[in-house]
file work_12.cif (mmCIF, C-alpha atoms)
data_model
loop_
_atom_site.label_atom_id
_atom_site.label_comp_id
_atom_site.auth_asym_id
_atom_site.auth_seq_id
_atom_site.Cartn_x
_atom_site.Cartn_y
_atom_site.Cartn_z
CA MET A 21 -5.29 -41.99 -52.99
CA VAL A 22 -6.46 -39.53 -50.37
CA ASP A 23 -3.79 -37.08 -49.25
CA LEU A 24 -4.56 -36.72 -45.53
CA VAL A 25 -1.79 -34.20 -44.89
CA LYS A 26 -3.09 -31.97 -47.66
CA MET A 27 -6.65 -32.42 -46.44
CA ARG A 28 -5.72 -31.41 -42.89
CA ALA A 29 -3.89 -28.35 -44.19
CA SER A 30 -6.86 -27.46 -46.37
CA ILE A 31 -9.27 -27.70 -43.43
CA ALA A 32 -7.05 -25.36 -41.43
CA GLU A 33 -6.97 -22.99 -44.39
CA ILE A 34 -10.75 -23.04 -44.69
CA LEU A 35 -11.11 -22.23 -40.97
CA LEU A 36 -8.26 -19.69 -41.17
CA ILE A 37 -6.35 -21.23 -38.27
CA PRO A 38 -2.80 -22.68 -38.15
CA VAL A 39 -2.62 -26.45 -38.74
CA ALA A 40 -1.00 -26.88 -35.31
CA GLU A 41 -4.15 -25.47 -33.72
CA LEU A 42 -6.45 -27.91 -35.48
CA HIS A 43 -7.46 -29.92 -32.38
CA GLY A 44 -10.15 -32.57 -32.41
CA GLU A 45 -12.10 -31.10 -29.50
CA THR A 46 -12.33 -27.65 -31.07
CA ARG A 47 -15.97 -26.74 -31.53
CA LEU A 48 -16.56 -25.39 -35.02
CA GLU A 49 -19.39 -23.15 -33.87
CA ASN A 50 -16.79 -21.20 -31.90
CA SER A 51 -14.97 -20.32 -35.09
CA ASP A 52 -16.06 -17.09 -36.75
CA ASN A 53 -15.22 -18.68 -40.06
CA TRP A 54 -17.43 -21.77 -39.76
CA ASP A 55 -20.15 -20.44 -42.06
CA SER A 56 -21.81 -21.43 -45.31
CA MET A 57 -18.65 -20.60 -47.24
CA ALA A 58 -16.55 -22.89 -45.02
CA ARG A 59 -19.13 -25.68 -45.37
CA ILE A 60 -18.96 -25.36 -49.16
CA GLY A 61 -15.18 -25.51 -48.87
CA ILE A 62 -15.39 -28.80 -46.98
CA VAL A 63 -17.81 -30.24 -49.54
CA ALA A 64 -15.43 -29.33 -52.39
CA LEU A 65 -12.37 -30.61 -50.56
CA VAL A 66 -13.90 -33.99 -49.77
CA PHE A 67 -15.30 -34.43 -53.26
CA GLU A 68 -12.00 -33.60 -54.92
CA GLN A 69 -10.12 -36.04 -52.69
CA THR A 70 -12.66 -38.89 -52.60
CA GLY A 71 -15.18 -38.33 -55.39
CA VAL A 72 -17.97 -38.63 -52.80
CA ASN A 73 -20.58 -35.99 -51.99
CA VAL A 74 -21.09 -34.62 -48.47
CA SER A 75 -24.66 -33.49 -47.98
CA GLY A 76 -25.79 -30.39 -46.14
CA GLU A 77 -27.41 -32.61 -43.51
CA GLU A 78 -24.12 -34.41 -42.89
CA ILE A 79 -22.33 -31.09 -42.50
CA ASP A 80 -25.05 -29.92 -40.10
CA GLY A 81 -24.22 -32.91 -37.89
CA VAL A 82 -20.61 -31.82 -37.49
CA VAL A 83 -19.95 -30.16 -34.12
CA THR A 84 -16.22 -30.52 -33.49
CA VAL A 85 -13.13 -30.75 -35.66
CA GLN A 86 -13.01 -34.47 -34.72
CA ASP A 87 -16.55 -34.90 -36.09
CA LEU A 88 -15.28 -33.42 -39.32
CA PHE A 89 -12.34 -35.83 -39.43
CA ASP A 90 -14.71 -38.73 -38.72
CA LEU A 91 -17.03 -37.63 -41.51
CA ILE A 92 -14.12 -37.45 -43.94
CA ASP A 93 -12.94 -40.91 -42.78
CA ARG A 94 -16.37 -42.33 -43.55
CA LYS A 95 -16.29 -40.75 -47.01
CA ILE A 96 -12.84 -42.17 -47.67
CA GLU A 97 -14.17 -45.62 -46.77
CA VAL A 98 -17.09 -45.16 -49.16
CA ALA A 99 -14.71 -44.15 -51.90
CA ALA A 100 -12.31 -47.05 -51.31
CA MET B 21 -25.12 -38.99 -71.83
CA SER B 22 -25.87 -38.59 -75.50
CA VAL B 23 -24.23 -35.91 -77.62
CA LEU B 24 -26.47 -34.19 -80.17
CA THR B 25 -25.41 -32.16 -83.19
CA ILE B 26 -26.94 -29.17 -84.98
CA GLU B 27 -25.27 -28.29 -88.27
CA GLY B 28 -25.25 -25.22 -90.51
CA VAL B 29 -25.10 -22.54 -87.82
CA ALA B 30 -22.57 -19.88 -86.87
CA ILE B 31 -22.18 -17.47 -83.99
CA ARG B 32 -21.46 -14.24 -85.87
CA ALA B 33 -20.92 -11.82 -82.99
CA VAL B 34 -21.27 -11.52 -79.23
CA THR B 35 -21.28 -8.63 -76.80
CA ALA B 36 -22.54 -7.56 -73.39
CA ALA B 37 -23.81 -4.57 -71.45
CA LEU B 38 -22.85 -3.74 -67.87
CA PRO B 39 -24.44 -1.21 -65.53
CA GLU B 40 -22.05 1.68 -65.06
CA ARG B 41 -22.51 1.60 -61.27
CA ARG B 42 -19.96 -0.47 -59.35
CA VAL B 43 -20.22 -1.81 -55.82
CA THR B 44 -16.65 -2.08 -54.60
CA GLU B 45 -14.75 -3.83 -51.82
CA GLU B 46 -14.88 -0.57 -49.86
CA ASP B 47 -18.66 -0.46 -50.21
CA PHE B 48 -18.91 -4.06 -49.04
CA ALA B 49 -16.62 -3.28 -46.08
CA LEU B 50 -19.08 -0.64 -44.90
CA LEU B 51 -21.79 -3.26 -44.88
CA PHE B 52 -20.01 -6.33 -43.56
CA GLY B 53 -16.62 -5.27 -42.17
CA ALA B 54 -13.25 -5.20 -43.95
CA LYS B 55 -11.92 -8.47 -42.48
CA GLU B 56 -14.95 -10.50 -43.51
CA VAL B 57 -15.02 -8.89 -46.94
CA ALA B 58 -11.34 -9.76 -47.49
CA ARG B 59 -12.03 -13.40 -46.54
CA ILE B 60 -14.97 -13.68 -48.94
CA THR B 61 -13.33 -11.90 -51.88
CA LYS B 62 -10.23 -14.09 -51.55
CA SER B 63 -12.44 -17.15 -52.05
CA THR B 64 -14.91 -15.90 -54.66
CA GLY B 65 -12.45 -13.84 -56.71
CA ILE B 66 -15.06 -11.08 -56.80
CA GLN B 67 -13.82 -7.79 -55.40
CA SER B 68 -16.53 -5.70 -56.99
CA ILE B 69 -19.78 -6.19 -58.86
CA ARG B 70 -22.05 -4.20 -61.15
CA GLU B 71 -25.39 -3.27 -59.67
CA THR B 72 -28.14 -1.12 -61.05
CA ARG B 73 -30.73 0.66 -58.94
CA THR B 74 -32.81 2.12 -61.77
CA LEU B 75 -32.33 0.01 -64.89
CA HIS B 76 -34.60 -2.84 -65.88
CA THR B 77 -33.47 -6.06 -67.54
CA SER B 78 -34.84 -4.76 -70.85
CA ASP B 79 -32.69 -1.59 -70.63
CA LEU B 80 -29.52 -3.68 -70.31
CA ILE B 81 -30.54 -6.10 -73.07
CA ILE B 82 -31.47 -3.28 -75.46
CA ALA B 83 -28.09 -1.63 -74.80
CA ALA B 84 -26.28 -4.91 -75.51
CA CYS B 85 -28.24 -5.40 -78.75
CA ARG B 86 -27.50 -1.85 -79.94
CA ASN B 87 -23.82 -2.34 -79.08
CA LEU B 88 -23.84 -5.39 -81.34
CA LEU B 89 -26.01 -4.06 -84.17
CA ASP B 90 -23.91 -0.87 -84.33
CA GLN B 91 -21.06 -3.04 -85.61
CA GLY B 92 -22.97 -3.52 -88.86
CA HIS B 93 -23.30 -7.29 -88.82
CA ALA B 94 -27.07 -7.06 -89.23
CA ALA B 95 -29.79 -4.46 -89.55
CA PRO B 96 -32.80 -4.59 -87.21
CA GLN B 97 -35.15 -5.39 -90.13
CA ASP B 98 -33.05 -8.49 -90.93
CA ILE B 99 -33.62 -10.07 -87.51
CA ASP B 100 -36.31 -12.75 -87.80
CA GLY B 101 -35.75 -14.45 -84.45
CA LEU B 102 -35.36 -13.00 -80.96
CA ILE B 103 -34.71 -15.14 -77.90
CA VAL B 104 -34.59 -13.47 -74.50
CA VAL B 105 -33.36 -15.40 -71.46
CA THR B 106 -34.04 -13.89 -68.05
CA GLN B 107 -35.23 -14.70 -64.56
CA THR B 108 -35.81 -11.09 -63.62
CA PRO B 109 -38.32 -9.81 -66.19
CA ASP B 110 -39.49 -6.19 -66.19
CA SER B 111 -43.09 -7.34 -66.00
CA TRP B 112 -45.04 -10.52 -65.50
CA VAL B 113 -46.94 -10.02 -68.76
CA PRO B 114 -45.73 -9.64 -71.46
CA GLY B 115 -42.23 -11.07 -71.61
CA VAL B 116 -39.16 -8.86 -71.96
CA GLY B 117 -38.70 -10.02 -75.55
CA PHE B 118 -41.62 -7.91 -76.75
CA MET B 119 -40.14 -4.77 -75.18
CA VAL B 120 -36.82 -5.50 -76.84
CA GLN B 121 -38.51 -6.10 -80.21
CA GLN B 122 -40.32 -2.76 -79.98
CA ALA B 123 -37.29 -0.77 -78.81
CA LEU B 124 -35.00 -2.13 -81.50
CA GLY B 125 -37.57 -1.82 -84.26
CA LEU B 126 -37.44 -5.51 -85.15
CA PRO B 127 -39.97 -6.56 -87.81
CA GLN B 128 -43.40 -7.88 -86.85
CA HIS B 129 -42.70 -11.23 -88.51
CA CYS B 130 -39.85 -11.75 -86.03
CA LEU B 131 -40.32 -14.86 -83.87
CA VAL B 132 -40.08 -13.75 -80.22
CA LEU B 133 -39.30 -16.33 -77.55
CA ASN B 134 -39.10 -15.60 -73.82
CA VAL B 135 -37.13 -18.15 -71.84
CA ALA B 136 -37.08 -18.37 -68.04
CA ALA B 137 -33.68 -19.86 -67.30
CA GLY B 138 -30.68 -19.15 -65.12
CA CYS B 139 -27.02 -20.02 -65.31
CA SER B 140 -27.43 -22.77 -67.91
CA GLY B 141 -29.70 -20.54 -70.02
CA TYR B 142 -27.10 -19.38 -72.54
CA ILE B 143 -26.40 -22.97 -73.61
CA SER B 144 -30.06 -24.02 -73.85
CA ALA B 145 -30.85 -20.84 -75.81
CA LEU B 146 -27.94 -21.49 -78.19
CA VAL B 147 -29.48 -24.91 -78.82
CA GLN B 148 -32.87 -23.30 -79.50
CA ALA B 149 -31.36 -20.69 -81.82
CA GLY B 150 -29.21 -23.26 -83.60
CA ALA B 151 -32.20 -25.53 -84.22
CA LEU B 152 -34.27 -22.65 -85.63
CA ILE B 153 -31.48 -21.65 -88.02
CA SER B 154 -30.56 -25.19 -89.02
CA SER B 155 -34.19 -25.95 -89.83
CA GLY B 156 -34.49 -22.84 -91.99
CA ALA B 157 -37.14 -21.30 -89.74
CA CYS B 158 -34.96 -18.25 -89.06
CA LYS B 159 -32.03 -16.58 -90.84
CA LYS B 160 -30.75 -14.14 -88.24
CA ILE B 161 -31.38 -14.59 -84.54
CA LEU B 162 -30.57 -12.26 -81.71
CA LEU B 163 -30.03 -14.32 -78.58
CA CYS B 164 -30.22 -12.10 -75.51
CA THR B 165 -29.58 -12.83 -71.87
CA GLY B 166 -30.03 -10.39 -69.03
CA ASP B 167 -30.79 -10.12 -65.36
CA VAL B 168 -30.94 -7.62 -62.54
CA THR B 169 -30.41 -10.36 -59.96
CA THR B 170 -29.29 -7.89 -57.30
CA ARG B 171 -32.94 -6.77 -57.09
CA ILE B 172 -34.04 -10.13 -55.71
CA LEU B 173 -31.27 -10.63 -53.16
CA ASP B 174 -31.31 -10.24 -49.40
CA GLU B 175 -29.05 -7.21 -49.07
CA ARG B 176 -27.96 -8.33 -45.59
CA ASP B 177 -26.73 -11.73 -46.76
CA ARG B 178 -23.06 -11.10 -47.50
CA HIS B 179 -22.66 -14.40 -49.35
CA VAL B 180 -25.13 -13.44 -52.08
CA LYS B 181 -24.71 -9.67 -51.93
CA MET B 182 -21.00 -10.04 -52.71
CA LEU B 183 -21.57 -12.73 -55.35
CA PHE B 184 -24.22 -11.74 -57.88
CA GLY B 185 -24.10 -8.86 -60.36
CA ASP B 186 -26.36 -7.35 -63.02
CA ALA B 187 -25.62 -7.55 -66.77
CA ALA B 188 -26.98 -8.47 -70.19
CA SER B 189 -25.65 -9.86 -73.46
CA ALA B 190 -26.50 -10.15 -77.13
CA THR B 191 -25.35 -12.84 -79.55
CA LEU B 192 -26.03 -12.89 -83.29
CA LEU B 193 -26.51 -16.27 -84.95
CA GLU B 194 -26.94 -16.99 -88.64
CA PRO B 195 -26.53 -19.87 -91.13
CA GLY B 196 -22.93 -20.95 -91.58
CA ALA B 197 -20.57 -23.84 -92.01
CA GLY B 198 -20.27 -24.47 -88.29
CA LYS B 199 -22.01 -26.88 -85.98
CA PHE B 200 -23.05 -27.19 -82.36
CA GLU B 201 -22.23 -30.45 -80.58
CA PHE B 202 -23.85 -30.50 -77.19
CA ILE B 203 -25.12 -32.28 -74.10
CA CYS B 204 -27.98 -30.79 -72.07
CA GLY B 205 -29.57 -32.14 -68.93
CA ALA B 206 -31.90 -31.31 -66.07
CA ASP B 207 -32.75 -32.65 -62.62
CA GLY B 208 -35.83 -31.00 -61.17
CA SER B 209 -35.32 -32.83 -57.87
CA GLY B 210 -32.77 -30.10 -57.11
CA ALA B 211 -35.16 -27.21 -57.73
CA ALA B 212 -34.92 -25.95 -54.14
CA ALA B 213 -31.15 -25.46 -54.36
CA LEU B 214 -31.63 -22.18 -56.23
CA GLN B 215 -35.09 -20.77 -55.88
CA SER B 216 -37.13 -17.59 -55.82
CA ASP B 217 -40.73 -18.46 -54.96
CA ILE B 218 -43.90 -16.59 -55.78
CA THR B 219 -46.52 -16.17 -53.06
CA TYR B 220 -49.92 -15.41 -54.51
CA ALA B 221 -52.14 -13.14 -52.43
CA ARG B 222 -55.31 -14.64 -50.99
CA GLU B 223 -57.19 -11.47 -50.16
CA ALA B 224 -59.82 -10.50 -52.68
CA GLY B 225 -59.47 -6.94 -53.85
CA ASN B 226 -55.76 -6.75 -53.06
CA HIS B 227 -54.11 -4.74 -55.84
CA ASP B 228 -50.89 -6.77 -55.57
CA CYS B 229 -51.76 -10.34 -56.41
CA ALA B 230 -48.35 -11.89 -55.82
CA THR B 231 -45.01 -11.36 -54.10
CA ILE B 232 -41.67 -12.57 -55.41
CA GLN B 233 -39.47 -13.91 -52.65
CA ARG B 234 -35.77 -13.29 -52.41
CA LEU B 235 -33.39 -15.68 -54.11
CA GLN B 236 -32.59 -18.61 -51.87
CA MET B 237 -29.39 -20.52 -52.51
CA ASP B 238 -28.34 -23.77 -50.85
CA GLY B 239 -24.61 -23.39 -51.42
CA THR B 240 -23.75 -26.91 -50.32
CA ALA B 241 -26.25 -28.47 -52.71
CA VAL B 242 -25.14 -26.25 -55.59
CA MET B 243 -21.49 -27.14 -54.96
CA ASN B 244 -22.28 -30.85 -54.85
CA PHE B 245 -24.26 -30.51 -58.07
CA ALA B 246 -21.52 -28.60 -59.90
CA LEU B 247 -18.73 -30.94 -58.81
CA SER B 248 -20.75 -34.00 -59.80
CA ARG B 249 -22.19 -32.77 -63.10
CA VAL B 250 -19.84 -30.30 -64.74
CA PRO B 251 -16.63 -32.35 -65.08
CA GLN B 252 -18.69 -35.41 -66.03
CA THR B 253 -20.58 -33.51 -68.77
CA VAL B 254 -17.55 -31.72 -70.21
CA LYS B 255 -15.51 -34.91 -70.28
CA ALA B 256 -18.36 -36.84 -71.94
CA LEU B 257 -18.71 -34.16 -74.62
CA LEU B 258 -14.97 -34.14 -75.30
CA GLU B 259 -14.77 -37.90 -75.47
CA ALA B 260 -17.77 -38.22 -77.79
CA THR B 261 -16.40 -35.59 -80.16
CA GLY B 262 -12.93 -37.11 -80.29
CA SER B 263 -11.38 -34.30 -78.30
CA SER B 264 -9.63 -33.94 -74.95
CA PRO B 265 -8.87 -31.23 -72.37
CA ALA B 266 -5.39 -30.89 -73.91
CA ALA B 267 -6.80 -30.42 -77.41
CA LEU B 268 -9.15 -27.63 -76.35
CA ASP B 269 -8.42 -24.03 -77.24
CA LEU B 270 -10.81 -22.64 -74.67
CA LEU B 271 -13.18 -23.92 -72.00
CA VAL B 272 -15.63 -21.28 -70.86
CA LEU B 273 -17.62 -22.30 -67.81
CA HIS B 274 -20.43 -20.32 -66.22
CA GLN B 275 -18.61 -17.85 -63.99
CA ALA B 276 -20.14 -18.89 -60.67
CA ASN B 277 -17.22 -17.92 -58.44
CA ALA B 278 -13.45 -18.43 -58.60
CA PHE B 279 -13.41 -20.99 -55.79
CA MET B 280 -15.77 -23.31 -57.64
CA LEU B 281 -14.13 -22.71 -61.01
CA ASN B 282 -10.70 -23.67 -59.70
CA TYR B 283 -12.03 -26.96 -58.34
CA LEU B 284 -13.82 -27.70 -61.61
CA ARG B 285 -10.72 -26.87 -63.65
CA ARG B 286 -8.59 -29.30 -61.68
CA MET B 287 -11.21 -32.04 -61.94
CA ILE B 288 -11.61 -31.58 -65.70
CA GLY B 289 -7.85 -31.47 -66.11
CA VAL B 290 -7.59 -28.41 -68.31
CA ALA B 291 -4.74 -25.90 -68.17
CA ALA B 292 -5.46 -22.63 -66.36
CA GLU B 293 -4.63 -20.52 -69.42
CA LYS B 294 -7.34 -22.33 -71.38
CA MET B 295 -10.08 -21.77 -68.82
CA PRO B 296 -10.73 -18.08 -68.22
CA VAL B 297 -11.90 -16.78 -64.85
CA ASP B 298 -13.44 -13.43 -65.73
CA ILE B 299 -15.69 -12.62 -62.81
CA ASP B 300 -14.00 -9.85 -60.83
CA GLY B 301 -15.64 -6.51 -61.46
CA VAL B 302 -18.92 -8.00 -62.64
CA GLY B 303 -19.92 -10.81 -60.26
CA ASN B 304 -21.93 -13.92 -61.05
CA THR B 305 -24.25 -12.73 -63.81
CA SER B 306 -26.25 -15.93 -64.32
CA SER B 307 -26.95 -16.68 -68.00
CA THR B 308 -24.87 -13.67 -69.07
CA SER B 309 -21.58 -14.82 -67.57
CA ILE B 310 -20.46 -16.93 -70.55
CA PRO B 311 -21.14 -14.27 -73.21
CA ILE B 312 -19.33 -11.69 -71.05
CA VAL B 313 -16.23 -13.90 -71.11
CA LEU B 314 -16.55 -14.38 -74.87
CA SER B 315 -16.99 -10.66 -75.52
CA ARG B 316 -13.80 -9.85 -73.60
CA HIS B 317 -11.51 -12.74 -74.55
CA ALA B 318 -8.70 -12.01 -77.00
CA ALA B 319 -8.82 -15.48 -78.62
CA ILE B 320 -12.36 -15.10 -79.96
CA GLY B 321 -12.30 -14.44 -83.69
CA THR B 322 -8.76 -15.82 -84.06
CA PRO B 323 -7.33 -19.24 -85.06
CA GLN B 324 -6.99 -19.92 -81.32
CA ALA B 325 -10.76 -20.29 -80.97
CA GLU B 326 -11.35 -23.35 -83.15
CA HIS B 327 -12.07 -25.84 -80.37
CA VAL B 328 -14.18 -24.07 -77.77
CA VAL B 329 -16.45 -25.66 -75.17
CA LEU B 330 -19.03 -23.58 -73.33
CA CYS B 331 -20.67 -25.00 -70.21
CA GLY B 332 -23.54 -23.53 -68.19
CA PHE B 333 -24.97 -24.98 -64.98
CA GLY B 334 -27.31 -23.82 -62.28
CA ALA B 335 -30.99 -23.32 -61.41
CA GLY B 336 -33.29 -26.19 -62.24
CA LEU B 337 -31.01 -27.86 -61.53
CA SER B 338 -29.84 -27.88 -65.14
CA TRP B 339 -26.65 -28.06 -67.17
CA GLY B 340 -25.41 -27.92 -70.72
CA ALA B 341 -22.08 -28.12 -72.53
CA LEU B 342 -21.67 -27.11 -76.17
CA LYS B 343 -18.67 -27.40 -78.49
CA VAL B 344 -18.33 -24.73 -81.17
CA ASP B 345 -15.83 -23.10 -83.51
CA LEU B 346 -15.51 -19.38 -82.75
CA ARG B 347 -12.71 -18.47 -85.17
CA LEU B 348 -15.05 -16.30 -87.26
CA THR B 349 -16.96 -14.80 -84.33
CA THR B 350 -16.59 -11.10 -83.64
CA ALA B 351 -16.16 -10.26 -79.96
CA VAL B 352 -17.50 -6.78 -79.31
CA ALA B 353 -16.29 -5.22 -76.06
CA PRO B 354 -19.12 -4.71 -73.53
CA CYS B 355 -20.72 -1.29 -73.26
CA GLU B 356 -21.55 0.46 -69.99
CA VAL B 357 -25.05 1.66 -69.25
CA PRO B 358 -25.59 4.70 -66.99
CA GLU B 359 -28.33 4.81 -64.39
CA LYS B 360 -31.58 6.36 -65.56
CA THR B 361 -31.51 9.00 -62.85
CA ALA B 362 -28.83 10.41 -60.55
CA LEU B 363 -28.39 8.41 -57.37
CA ALA B 364 -27.51 9.56 -53.91
CA ASP B 365 -24.10 8.20 -52.94
CA GLU B 366 -25.29 6.04 -50.08
CA PRO B 367 -24.84 2.38 -49.15
CA ALA B 368 -27.79 0.12 -49.89
CA LEU B 369 -28.41 -0.64 -46.21
CA ALA B 370 -29.33 1.74 -43.45
CA PRO B 371 -26.54 2.17 -40.81
CA SER B 372 -28.55 0.22 -38.25
CA GLU B 373 -28.66 -2.79 -40.55
CA ARG B 374 -24.95 -2.93 -41.30
CA LEU B 375 -22.64 -5.53 -39.80
CA GLN B 376 -25.58 -7.53 -38.48
CA ALA B 377 -25.92 -9.97 -41.33
#
call {"tool": "encode", "arguments": {"input": "work_12.cif", "output": "structure tokens"}}
result
Amino acid sequence: MVDLVKMRASIAEILLIPVAELHGETRLENSDNWDSMARIGIVALVFEQTGVNVSGEEIDGVVTVQDLFDLIDRKIEVAA
Amino acid sequence: MSVLTIEGVAIRAVTAALPERRVTEEDFALLFGAKEVARITKSTGIQSIRETRTLHTSDLIIAACRNLLDQGHAAPQDIDGLIVVTQTPDSWVPGVGFMVQQALGLPQHCLVLNVAAGCSGYISALVQAGALISSGACKKILLCTGDVTTRILDERDRHVKMLFGDAASATLLEPGAGKFEFICGADGSGAAALQSDITYAREAGNHDCATIQRLQMDGTAVMNFALSRVPQTVKALLEATGSSPAALDLLVLHQANAFMLNYLRRMIGVAAEKMPVDIDGVGNTSSTSIPIVLSRHAAIGTPQAEHVVLCGFGAGLSWGALKVDLRLTTAVAPCEVPEKTALADEPALAPSERLQA
């Protein structure tokens, strides 16, 4: 069972921003912390929660925080 | 995944050698800024590394071997097998093994094997050594790993500069009552995930015929690989050998970085006290990371080291997990190796290059 609350908190932790500031329209490229380390963090987080890999190409396609949520949603569906 | 067994082999002793020179959090802060360094070290668990500017891989390996042989477990003339694992050889021809053989005064009938392997190399070399001893081909094997990986990094890339360190190890194997139970695997389709290419020169008459490119790492691909393969392999080995994470005394994974290790530990389901994270102060030392942990862990050589699983994974992509009894293994604390010549106390990058990576 995917823990969405934990996942949201983990994303905020990876980006080093408060959970309350995790808005869908936020562009990740504007975050100083959206780098290769953050991308690896997302890959690990999604795999641990869903057992499904996120590829580098899929991560490259993520522009906003909402894109990231959508990607995770798709992975949860794959895992279900 | 099939589990294979090699019987009649024992790991007698293990040790390591570390360059004396440290690159600290303060040094990194000069290069990349204190805030960024704090963020990275919090994730990787690596606040400082060992880095040599003047030592070759062979220097570190020879120091590790002498540190081990000085304990009296074997004399150089008794060694009839030498395996050297490295991806940063001193020279293209011949392999580092021949330099080590000469420096240690190993006999001429000694079988010398040079193995090009990375983070899974300690496991695959243990399998090689175990097979040679079990077959009777060799009686005493020195298994050495060593790399000066910092020499092939992009100094301006903070994610690799603050990750990898230089080190070497030596392990003595001989006939014994023990056995190796193991799973090894490889997937060459992932070769580009960790790669250092060679570009051969085209110009006739050029003295330098080839250039080695800096280590390229696709962190996302490596993470996906580790998360998919490592828990699966360790669990398969435990299941096939009638064991479980709870029954293990020790699980020693390749020390890639603390972030990855914590994820792998949770996925395998092993208690934190049974899975050491011993990476701070040395960095990711490729095939040497597992023997460094063994050489510094208090349980080695005690009844608390009966059920030990070692697992390496990395370049290739390749992986291997091996179950072994280390109750009679002597852990020799790593030695430190000074630089060959005095160094100026300066950061690796020129001021104009700092903070731009």
call {"tool": "closest_residue", "arguments": {"input": "work_12.cif", "among": "A:Glu45, A:Glu78, A:Asp52, A:Glu68", "to": "Ser30 in chain A", "atoms": "all atoms listed in the file"}}
result
A:Glu68
call {"tool": "resolve_selection", "arguments": {"input": "work_12.cif", "expression": "the PyMOL selection byres ((chain B) within 12 of (chain A))", "output": "MDAnalysis selection string"}}
result
chainID B and resid 55:57 59:64 177:180 183 213 237:249 251:252 277 279:288 377
call {"tool": "write_last_selection", "arguments": {"input": "work_12.cif", "atoms": "C-alpha atoms", "output": "PDB file, in the frame of the given file"}}
result
ATOM      1  CA  LYS B  55     -11.920  -8.470 -42.480  1.00  0.00           C
ATOM      2  CA  GLU B  56     -14.950 -10.500 -43.510  1.00  0.00           C
ATOM      3  CA  VAL B  57     -15.020  -8.890 -46.940  1.00  0.00           C
ATOM      4  CA  ARG B  59     -12.030 -13.400 -46.540  1.00  0.00           C
ATOM      5  CA  ILE B  60     -14.970 -13.680 -48.940  1.00  0.00           C
ATOM      6  CA  THR B  61     -13.330 -11.900 -51.880  1.00  0.00           C
ATOM      7  CA  LYS B  62     -10.230 -14.090 -51.550  1.00  0.00           C
ATOM      8  CA  SER B  63     -12.440 -17.150 -52.050  1.00  0.00           C
ATOM      9  CA  THR B  64     -14.910 -15.900 -54.660  1.00  0.00           C
ATOM     10  CA  ASP B 177     -26.730 -11.730 -46.760  1.00  0.00           C
ATOM     11  CA  ARG B 178     -23.060 -11.100 -47.500  1.00  0.00           C
ATOM     12  CA  HIS B 179     -22.660 -14.400 -49.350  1.00  0.00           C
ATOM     13  CA  VAL B 180     -25.130 -13.440 -52.080  1.00  0.00           C
ATOM     14  CA  LEU B 183     -21.570 -12.730 -55.350  1.00  0.00           C
ATOM     15  CA  ALA B 213     -31.150 -25.460 -54.360  1.00  0.00           C
ATOM     16  CA  MET B 237     -29.390 -20.520 -52.510  1.00  0.00           C
ATOM     17  CA  ASP B 238     -28.340 -23.770 -50.850  1.00  0.00           C
ATOM     18  CA  GLY B 239     -24.610 -23.390 -51.420  1.00  0.00           C
ATOM     19  CA  THR B 240     -23.750 -26.910 -50.320  1.00  0.00           C
ATOM     20  CA  ALA B 241     -26.250 -28.470 -52.710  1.00  0.00           C
ATOM     21  CA  VAL B 242     -25.140 -26.250 -55.590  1.00  0.00           C
ATOM     22  CA  MET B 243     -21.490 -27.140 -54.960  1.00  0.00           C
ATOM     23  CA  ASN B 244     -22.280 -30.850 -54.850  1.00  0.00           C
ATOM     24  CA  PHE B 245     -24.260 -30.510 -58.070  1.00  0.00           C
ATOM     25  CA  ALA B 246     -21.520 -28.600 -59.900  1.00  0.00           C
ATOM     26  CA  LEU B 247     -18.730 -30.940 -58.810  1.00  0.00           C
ATOM     27  CA  SER B 248     -20.750 -34.000 -59.800  1.00  0.00           C
ATOM     28  CA  ARG B 249     -22.190 -32.770 -63.100  1.00  0.00           C
ATOM     29  CA  PRO B 251     -16.630 -32.350 -65.080  1.00  0.00           C
ATOM     30  CA  GLN B 252     -18.690 -35.410 -66.030  1.00  0.00           C
ATOM     31  CA  ASN B 277     -17.220 -17.920 -58.440  1.00  0.00           C
ATOM     32  CA  PHE B 279     -13.410 -20.990 -55.790  1.00  0.00           C
ATOM     33  CA  MET B 280     -15.770 -23.310 -57.640  1.00  0.00           C
ATOM     34  CA  LEU B 281     -14.130 -22.710 -61.010  1.00  0.00           C
ATOM     35  CA  ASN B 282     -10.700 -23.670 -59.700  1.00  0.00           C
ATOM     36  CA  TYR B 283     -12.030 -26.960 -58.340  1.00  0.00           C
ATOM     37  CA  LEU B 284     -13.820 -27.700 -61.610  1.00  0.00           C
ATOM     38  CA  ARG B 285     -10.720 -26.870 -63.650  1.00  0.00           C
ATOM     39  CA  ARG B 286      -8.590 -29.300 -61.680  1.00  0.00           C
ATOM     40  CA  MET B 287     -11.210 -32.040 -61.940  1.00  0.00           C
ATOM     41  CA  ILE B 288     -11.610 -31.580 -65.700  1.00  0.00           C
ATOM     42  CA  ALA B 377     -25.920  -9.970 -41.330  1.00  0.00           C
TER      43      ALA B 377
END
call {"tool": "atom_distance", "arguments": {"input": "work_12.cif", "atom1": "CA of Pro354 in chain B", "atom2": "CA of Leu80 in chain B"}}
result
10.9 Å
call {"tool": "resolve_selection", "arguments": {"input": "work_12.cif", "expression": "the PyMOL selection byres ((chain B and resi 341) around 7)", "output": "MDAnalysis selection string"}}
result
chainID B and resid 143 202:204 253:254 329:332 340 342:343
call {"tool": "resolve_selection", "arguments": {"input": "work_12.cif", "expression": "the PyMOL selection byres ((chain B and resi 22-27) around 7)", "output": "list in words"}}
result
Met21, Gly28, Val29, Gly150, Ala151, Ser154, Gly198, Lys199, Phe200, Glu201, Phe202, Ile203, Leu257 and Ala260 of chain B
